[in-house]
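Heads up: the structure comes next, in structure tokens.
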Amino acid sequence: MNEFVRGLRLWFEPQRLREEGDTPDYRFSLANERTFLAWLRTALALIGGGFAVAQFLPDLAWGVRTCLALALLASGVLCALHAVNHWVRCERAMRRGEDLPVSRFPTLLSLAIAAVALAMVVVVLFGWDS
């Protein structure tokens, strides 16, 4: 079974992590779980922001409103998926005594949010009638 499938399987069967290496200090596992929950809060905030843009900016042109809302909603979905993937990868690395995995996701998420925020700044400053 390739590494990707094995990692994906751990999303749904986390008890299999016990087969990997040694049990780390529980404080590290709990810190990893808190990070997971922080990613999920971020995902929920992005999803809420997407719905807010879609529902509460009726004067914004439909295409612009839809693009901004979809960008936020997609970012929220990706953030939620990243949360569980990152949690599994970190837990495995700790159990194996390896370095924690690195990820470009925080940078990509930051750029996506910055792009949406800049678009919203333009809308706020210059308005946008349908």
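Order determines the names: the first chain of the structure tokens is A, the second B, and so forth; residues in each chain are numbered 1 upward, and ligands are numbered 1 upward as they are shown.
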So which residues touch stretch 106-115 of chain A within 9 Å, counting only C-alpha atoms, skipping near sequence neighbours fewer than 2 positions away, as a PDB file with N, CA, C and O atoms, in the first residue's frame?
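Produced file selection_8.pdb, reproduced below:
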```
ATOM      1  N   LEU A  46     -13.618  30.833   7.849  1.00  0.00           N
ATOM      2  CA  LEU A  46     -13.595  31.074   6.402  1.00  0.00           C
ATOM      3  C   LEU A  46     -14.931  30.709   5.762  1.00  0.00           C
ATOM      4  O   LEU A  46     -15.439  31.439   4.895  1.00  0.00           O
ATOM      5  N   ALA A  71     -14.252  31.749  -3.079  1.00  0.00           N
ATOM      6  CA  ALA A  71     -12.847  31.722  -2.662  1.00  0.00           C
ATOM      7  C   ALA A  71     -12.747  31.459  -1.161  1.00  0.00           C
ATOM      8  O   ALA A  71     -11.920  30.651  -0.713  1.00  0.00           O
ATOM      9  N   LEU A  72     -13.606  32.110  -0.382  1.00  0.00           N
ATOM     10  CA  LEU A  72     -13.594  31.890   1.065  1.00  0.00           C
ATOM     11  C   LEU A  72     -14.082  30.489   1.423  1.00  0.00           C
ATOM     12  O   LEU A  72     -13.489  29.812   2.275  1.00  0.00           O
ATOM     13  N   SER A  75     -11.428  27.971   0.512  1.00  0.00           N
ATOM     14  CA  SER A  75     -10.334  28.053   1.478  1.00  0.00           C
ATOM     15  C   SER A  75     -10.714  27.331   2.773  1.00  0.00           C
ATOM     16  O   SER A  75      -9.886  26.649   3.376  1.00  0.00           O
ATOM     17  N   LEU A  78     -10.496  23.528   2.131  1.00  0.00           N
ATOM     18  CA  LEU A  78      -9.094  23.101   2.096  1.00  0.00           C
ATOM     19  C   LEU A  78      -8.459  23.145   3.481  1.00  0.00           C
ATOM     20  O   LEU A  78      -7.672  22.270   3.841  1.00  0.00           O
ATOM     21  N   CYS A  79      -8.818  24.150   4.249  1.00  0.00           N
ATOM     22  CA  CYS A  79      -8.276  24.274   5.608  1.00  0.00           C
ATOM     23  C   CYS A  79      -8.725  23.109   6.480  1.00  0.00           C
ATOM     24  O   CYS A  79      -7.929  22.555   7.250  1.00  0.00           O
ATOM     25  N   SER A 103       4.989  22.339   5.587  1.00  0.00           N
ATOM     26  CA  SER A 103       3.883  22.482   4.655  1.00  0.00           C
ATOM     27  C   SER A 103       3.884  23.881   4.058  1.00  0.00           C
ATOM     28  O   SER A 103       4.195  24.851   4.748  1.00  0.00           O
ATOM     29  N   ARG A 104       3.510  23.965   2.793  1.00  0.00           N
ATOM     30  CA  ARG A 104       3.335  25.262   2.133  1.00  0.00           C
ATOM     31  C   ARG A 104       1.908  25.782   2.325  1.00  0.00           C
ATOM     32  O   ARG A 104       1.594  26.891   1.928  1.00  0.00           O
ATOM     33  N   ALA A 117      -9.168  39.679   0.755  1.00  0.00           N
ATOM     34  CA  ALA A 117      -9.206  40.900   1.565  1.00  0.00           C
ATOM     35  C   ALA A 117      -8.925  42.137   0.709  1.00  0.00           C
ATOM     36  O   ALA A 117      -9.596  43.171   0.860  1.00  0.00           O
ATOM     37  N   LEU A 118      -7.972  42.048  -0.205  1.00  0.00           N
ATOM     38  CA  LEU A 118      -7.689  43.180  -1.103  1.00  0.00           C
ATOM     39  C   LEU A 118      -8.887  43.485  -1.996  1.00  0.00           C
ATOM     40  O   LEU A 118      -9.221  44.650  -2.226  1.00  0.00           O
ATOM     41  N   ALA A 119      -9.528  42.442  -2.497  1.00  0.00           N
ATOM     42  CA  ALA A 119     -10.731  42.651  -3.309  1.00  0.00           C
ATOM     43  C   ALA A 119     -11.811  43.340  -2.484  1.00  0.00           C
ATOM     44  O   ALA A 119     -12.503  44.248  -2.971  1.00  0.00           O
ATOM     45  N   MET A 120     -11.949  42.938  -1.234  1.00  0.00           N
ATOM     46  CA  MET A 120     -12.947  43.559  -0.365  1.00  0.00           C
ATOM     47  C   MET A 120     -12.590  45.012  -0.049  1.00  0.00           C
ATOM     48  O   MET A 120     -13.476  45.858   0.054  1.00  0.00           O
TER      49      MET A 120
END
```
Exercise for review: Pick out the residues sitting within 7 Å of stretch 86-97 of chain A, and hand them over as a VMD selection string; count only C-alpha atoms, and ignore anything fewer than 5 positions along from it in its own chain.
Suggested key: chain A and resid 10 to 11 17 20 to 24 29 32 to 33 36
Quick one: write out the picked residues with C-alpha atoms as a PDB file, in the first residue's frame?
```
ATOM      1  CA  LEU A  10      -5.247   7.003   9.181  1.00  0.00           C
ATOM      2  CA  TRP A  11      -7.753   9.856   8.821  1.00  0.00           C
ATOM      3  CA  LEU A  17      -1.257   5.211  14.649  1.00  0.00           C
ATOM      4  CA  GLU A  20       3.789   3.490  14.262  1.00  0.00           C
ATOM      5  CA  GLY A  21       6.915   3.800  16.404  1.00  0.00           C
ATOM      6  CA  ASP A  22       6.738   4.675  20.104  1.00  0.00           C
ATOM      7  CA  THR A  23       4.119   6.581  22.053  1.00  0.00           C
ATOM      8  CA  PRO A  24       5.241  10.210  22.422  1.00  0.00           C
ATOM      9  CA  SER A  29      -0.075  14.707  21.220  1.00  0.00           C
ATOM     10  CA  ASN A  32      -0.984  18.505  18.117  1.00  0.00           C
ATOM     11  CA  GLU A  33      -4.709  18.124  18.794  1.00  0.00           C
ATOM     12  CA  PHE A  36      -5.841  20.597  14.721  1.00  0.00           C
TER      13      PHE A  36
END
```
Exercise for review: Please give the complete set of residues from stretch 56-119 of chain A that DSSP, run on the backbone, assigns to alpha helix (DSSP H), formatted as a ChimeraX atom specification.
Suggested key: /A:56,62-96,105-119
Review point. In Å to one decimal, how far is atom CA of A:Thr66 from atom CA of A:Ala83?
Key: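 These atoms are spaced 25.4 Å apart.
Minimum atom-to-atom distances from A:Val5, A:Cys67, A:Ala38, A:Leu100 to A:Gly50 were compared using only C-alpha atoms, and the lowest value belongs to A:Cys67.
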